[in-house]
Amino acid sequence: MQPYAAWAIDWARHESGNMSAAVSLQKRLVVGLTMGITLLWLVATLVTGRLVQRELDEAFDSALQETAQRLLPLAILEIFNREETIAPQRIAPLNAQQAHFSYLVRDAGGKILLQSINATPDIFTARPKEGFTTTATHRLYSASALRTTIFIDIAEPLHYRRAAIWDAIIALLQPLLLLIPLSLLGVWLLVHLSLRSVRSYRDAIEERGAGDLSPIEAGQLPAEISPLADAVNHLMERLRCALDAERSFTANSAHELRTPLAAALAQIQRLHREAPEGPLQARITQIEASLRDLSRLSEKLMQLAKAEGGGLLSETPQDLAALLEFIVQDLRRSATAAIQLTLPAGAPVLATIDPDAFAILLRNLIENGLKHGTPEAAIEISLSSAALLTVINAGPVVPVPMLARLTGRFTRGDSGADGSGLGLAIAKTIASGVGATLTLTSPATGRHDGFEACVQFKIDTRKRIKAEFST
Ligand SMILES: Nc1ncnc2c1ncn2[C@@H]1O[C@H](COP(=O)(O)OP(=O)(O)OP(=O)(O)O)[C@@H](O)[C@H]1O
Ligand SMILES: [Mg+2]
């Protein structure tokens, strides 16, 4: 029989392990959304920059035009008030803002009549031409008066405009310094909170014992993921049905074998008594031994079917100490060696394990101690308050490489005792089905010989508190 339940849980664990190896959705969203926001902001900055540039150009042009038109009458007055036209006069700017501009006052032929102190004739066009002109370095505006006989050419360096546009663009980009970390943090927080339910769902899968195929509580999963949880539960349900069918077949087959085996054994025992002394007696003894082996094997197969079943966990917590005491008392009646039992004093040791499953596990471990250990030495069984069960027996040391293999099905060690090699496999399947761990050690802890089997059960503290309050 395949351990499908264990396989299904391992698969779910493997998949949830893969989730962390795969690219994190949270990381993807954080990086993607932040990059998207940054990109959009940059595009918005670019578009706004173009608009600002246009508006600034208009504002600068109108300032240039206004200055030219204010200066022109003053310049004409100045020219006409001069006594003689000897050399073009250089006028100092009135304020710092005017220092940006330089201007020339010329006649229609291009002769300079007046110029600002910072004016360089090279930056102007050779002949006056009304309106706006842009050169490589300057923006020029030309206006005329006195029926286009006198012209004023006013120039403004382009770098003033460029500096103003850059100032605007930098001001628009500055919020990005705050926006990028804020968006990283905000998206991370949002996704982290949104995925909280997904993480609890994953934890719920991870916490399961290998035999637990009951539906997983989906909680408040996001709408996109909750169909997945439904599909998983559906799959688990189908798996459970298939496993139940297979297990009930194994259990029923083993059970059905019981009666004919018992009948055959009874017949053989009768024959044993009735048959004359001689070789026939020896053959009857052999057949009887084989029938007993067959009967034990069918018993172990039934236990294995139970171990692989889904009902290993109990709904209410069970006191392991009380169960242990009861089972040991029962075994002492037929035991060939003494059994020493040490139980924790005080509070009960509570764990959610089905009492029948606990009994099967314990019987297999004790039966091994009785069967494979030194018969004269007592078997020591103890349970700690931390739910650690230990079964120790005296006997030859089992080599470590062999120890690792003993929990496999139909695997036997060097022991001369009878057996099918299923006991430890059953114990291990039950242990992992209830979330406990089985550890085999030889020689036993603190000794030079012997064999030690430890099972660490899981205590559910929440349930423990509840149970203590109810008692
Ligand atoms: N307490 C022990 N002391 C020494 N050897 C042990 C002990 N328990 C198990 N072993 C070794 O491990 C082997 C496997 O044990 P397991 O319980 O699986 O099978 P078994 O006892 O041989 O047969 P079965 O339990 O099916 O009747 C045994 O054959 C024995 O060699
Ligand atoms: Mg055994």
# chains A, B, ... in the order shown; residues from 1 in each chain; ligands from 1

call {"tool": "residues_near_ligand", "arguments": {"ligand": "ligand 1", "cutoff": "9 Å", "atoms": "only C-alpha atoms and all ligand atoms", "output": "PyMOL selection string"}}
result
chain A and resi 293+296-297+300+364-374+391-398+402-403+405-427+440+442+450-453

call {"tool": "residues_around", "arguments": {"residues": "stretch 221-231 of chain A", "least_positions_apart": "5", "cutoff": "10 Å", "atoms": "only C-alpha atoms", "output": "number ranges by chain"}}
result
A: 194-201, 215-216, 236-237

call {"tool": "residues_around", "arguments": {"residues": "A:Thr34", "least_positions_apart": "4", "cutoff": "9 Å", "atoms": "only C-alpha atoms", "output": "MDAnalysis selection string"}}
result
chainID A and resid 29:30 38:39 179:181 183:184 187

call {"tool": "select_by_dssp", "arguments": {"residues": "stretch 128-213 of chain A", "states": "strand (DSSP E or B)", "output": "list in words"}}
result
Gly131, Phe132, Thr133, Thr134, His138, Arg139, Leu140, Tyr141, Ser142, Ala143, Ser144, Ala145, Ile150, Phe151, Ile152, Asp153, Ile154, Ala155, Glu156 and Pro157 of chain A

call {"tool": "write_last_selection", "arguments": {"atoms": "N, CA, C and O atoms", "output": "mmCIF file, in the first residue's frame"}}
result
data_model
loop_
_atom_site.group_PDB
_atom_site.id
_atom_site.type_symbol
_atom_site.label_atom_id
_atom_site.label_comp_id
_atom_site.auth_asym_id
_atom_site.auth_seq_id
_atom_site.Cartn_x
_atom_site.Cartn_y
_atom_site.Cartn_z
ATOM 1 N N GLY A 131 10.354 92.457 -35.243
ATOM 2 C CA GLY A 131 9.803 91.192 -34.714
ATOM 3 C C GLY A 131 10.853 90.384 -33.941
ATOM 4 O O GLY A 131 11.944 90.888 -33.638
ATOM 5 N N PHE A 132 10.479 89.125 -33.668
ATOM 6 C CA PHE A 132 11.376 88.259 -32.866
ATOM 7 C C PHE A 132 12.287 87.432 -33.763
ATOM 8 O O PHE A 132 11.870 86.978 -34.829
ATOM 9 N N THR A 133 13.508 87.263 -33.328
ATOM 10 C CA THR A 133 14.464 86.382 -34.019
ATOM 11 C C THR A 133 15.225 85.618 -32.938
ATOM 12 O O THR A 133 15.474 86.160 -31.856
ATOM 13 N N THR A 134 15.553 84.384 -33.277
ATOM 14 C CA THR A 134 16.360 83.613 -32.305
ATOM 15 C C THR A 134 17.675 83.252 -32.971
ATOM 16 O O THR A 134 17.691 82.685 -34.070
ATOM 17 N N HIS A 138 21.075 84.070 -28.471
ATOM 18 C CA HIS A 138 20.190 85.122 -27.956
ATOM 19 C C HIS A 138 18.794 85.078 -28.569
ATOM 20 O O HIS A 138 18.601 84.544 -29.650
ATOM 21 N N ARG A 139 17.869 85.679 -27.858
ATOM 22 C CA ARG A 139 16.540 85.928 -28.384
ATOM 23 C C ARG A 139 16.505 87.440 -28.649
ATOM 24 O O ARG A 139 16.822 88.248 -27.748
ATOM 25 N N LEU A 140 16.148 87.813 -29.877
ATOM 26 C CA LEU A 140 16.206 89.226 -30.275
ATOM 27 C C LEU A 140 14.809 89.728 -30.560
ATOM 28 O O LEU A 140 13.952 88.983 -31.052
ATOM 29 N N TYR A 141 14.605 91.025 -30.264
ATOM 30 C CA TYR A 141 13.334 91.646 -30.652
ATOM 31 C C TYR A 141 13.661 93.010 -31.222
ATOM 32 O O TYR A 141 14.504 93.750 -30.694
ATOM 33 N N SER A 142 13.017 93.303 -32.316
ATOM 34 C CA SER A 142 13.296 94.582 -32.974
ATOM 35 C C SER A 142 11.987 95.335 -33.179
ATOM 36 O O SER A 142 10.988 94.754 -33.605
ATOM 37 N N ALA A 143 11.999 96.643 -32.835
ATOM 38 C CA ALA A 143 10.812 97.491 -33.037
ATOM 39 C C ALA A 143 11.274 98.798 -33.699
ATOM 40 O O ALA A 143 12.438 99.198 -33.552
ATOM 41 N N SER A 144 10.372 99.424 -34.436
ATOM 42 C CA SER A 144 10.778 100.657 -35.133
ATOM 43 C C SER A 144 9.875 101.809 -34.721
ATOM 44 O O SER A 144 8.785 101.622 -34.190
ATOM 45 N N ALA A 145 10.353 102.993 -34.995
ATOM 46 C CA ALA A 145 9.568 104.201 -34.735
ATOM 47 C C ALA A 145 9.887 105.218 -35.822
ATOM 48 O O ALA A 145 10.819 105.007 -36.634
ATOM 49 N N ILE A 150 13.957 104.696 -37.344
ATOM 50 C CA ILE A 150 14.798 104.353 -36.187
ATOM 51 C C ILE A 150 14.318 103.004 -35.627
ATOM 52 O O ILE A 150 13.120 102.775 -35.474
ATOM 53 N N PHE A 151 15.333 102.158 -35.366
ATOM 54 C CA PHE A 151 15.020 100.796 -34.868
ATOM 55 C C PHE A 151 15.699 100.568 -33.528
ATOM 56 O O PHE A 151 16.817 101.040 -33.313
ATOM 57 N N ILE A 152 14.973 99.845 -32.711
ATOM 58 C CA ILE A 152 15.642 99.375 -31.471
ATOM 59 C C ILE A 152 15.711 97.847 -31.546
ATOM 60 O O ILE A 152 14.723 97.177 -31.891
ATOM 61 N N ASP A 153 16.907 97.321 -31.318
ATOM 62 C CA ASP A 153 17.109 95.860 -31.279
ATOM 63 C C ASP A 153 17.476 95.503 -29.851
ATOM 64 O O ASP A 153 18.470 96.002 -29.324
ATOM 65 N N ILE A 154 16.688 94.657 -29.279
ATOM 66 C CA ILE A 154 16.963 94.291 -27.880
ATOM 67 C C ILE A 154 17.251 92.778 -27.830
ATOM 68 O O ILE A 154 16.608 91.991 -28.536
ATOM 69 N N ALA A 155 18.284 92.425 -27.056
ATOM 70 C CA ALA A 155 18.711 91.004 -27.034
ATOM 71 C C ALA A 155 18.748 90.482 -25.602
ATOM 72 O O ALA A 155 19.132 91.204 -24.681
ATOM 73 N N GLU A 156 18.327 89.250 -25.496
ATOM 74 C CA GLU A 156 18.383 88.604 -24.171
ATOM 75 C C GLU A 156 19.086 87.254 -24.332
ATOM 76 O O GLU A 156 18.703 86.459 -25.203
ATOM 77 N N PRO A 157 20.113 86.963 -23.504
ATOM 78 C CA PRO A 157 20.813 85.679 -23.667
ATOM 79 C C PRO A 157 19.846 84.502 -23.392
ATOM 80 O O PRO A 157 19.052 84.559 -22.463
#

call {"tool": "select_by_dssp", "arguments": {"residues": "stretch 258-415 of chain A", "states": "alpha helix (DSSP H)", "output": "PyMOL selection string"}}
result
chain A and resi 258-274+279-307+320-332+355-372+400-405

call {"tool": "closest_residue", "arguments": {"among": "A:Val455, A:Gly435, A:Thr336, A:Lys428", "to": "ligand 2", "atoms": "only C-alpha atoms and all ligand atoms"}}
result
A:Lys428

call {"tool": "closest_residue", "arguments": {"among": "A:Leu185, A:Met35, A:Leu213, A:Leu362", "to": "ligand 2", "atoms": "only C-alpha atoms and all ligand atoms"}}
result
A:Leu362

call {"tool": "atom_distance", "arguments": {"atom1": "atom CA of A:Ser314", "atom2": "atom CA of A:Ser248"}}
result
19.7 Å

call {"tool": "closest_residue", "arguments": {"among": "A:Thr148, A:Arg162, A:Gln303, A:Gln53", "to": "ligand 2", "atoms": "only C-alpha atoms and all ligand atoms"}}
result
A:Gln303

call {"tool": "residues_around", "arguments": {"residues": "stretch 120-122 of chain A", "least_positions_apart": "3", "cutoff": "9 Å", "atoms": "only C-alpha atoms", "output": "CSV table (one decimal) with N, CA and C atoms, in the first residue's frame"}}
result
chain,number,residue,atom,x,y,z
A,102,SER,N,20.6,93.6,-23.7
A,102,SER,CA,21.5,94.6,-24.3
A,102,SER,C,20.7,95.1,-25.5
A,103,TYR,N,20.9,96.4,-25.9
A,103,TYR,CA,20.2,96.9,-27.0
A,103,TYR,C,21.0,97.8,-27.9
A,104,LEU,N,20.5,97.9,-29.1
A,104,LEU,CA,21.2,98.8,-30.1
A,104,LEU,C,20.0,99.7,-30.6
A,112,ILE,N,24.6,102.6,-36.0
A,112,ILE,CA,24.3,102.6,-34.5
A,112,ILE,C,24.2,104.0,-34.0
A,115,GLN,N,23.6,102.7,-27.9
A,115,GLN,CA,23.6,101.3,-27.5
A,115,GLN,C,23.8,101.2,-26.0
A,116,SER,N,23.4,100.0,-25.4
A,116,SER,CA,23.6,99.8,-24.0
A,116,SER,C,25.0,99.5,-23.8
A,117,ILE,N,25.4,99.7,-22.5
A,117,ILE,CA,26.9,99.6,-22.2
A,117,ILE,C,27.4,98.2,-22.5
A,125,THR,N,21.5,91.1,-35.6
A,125,THR,CA,21.5,90.9,-37.1
A,125,THR,C,22.1,92.2,-37.7
A,126,ALA,N,22.7,92.0,-38.9
A,126,ALA,CA,23.4,93.1,-39.6
A,126,ALA,C,22.5,94.3,-39.8

call {"tool": "closest_residue", "arguments": {"among": "A:Ala168, A:Ile379, A:His272, A:Arg363", "to": "ligand 2", "atoms": "only C-alpha atoms and all ligand atoms"}}
result
A:Arg363

call {"tool": "closest_residue", "arguments": {"among": "A:Pro279, A:Gly186, A:Gly109, A:Pro443", "to": "A:Leu33", "atoms": "only C-alpha atoms"}}
result
A:Gly186
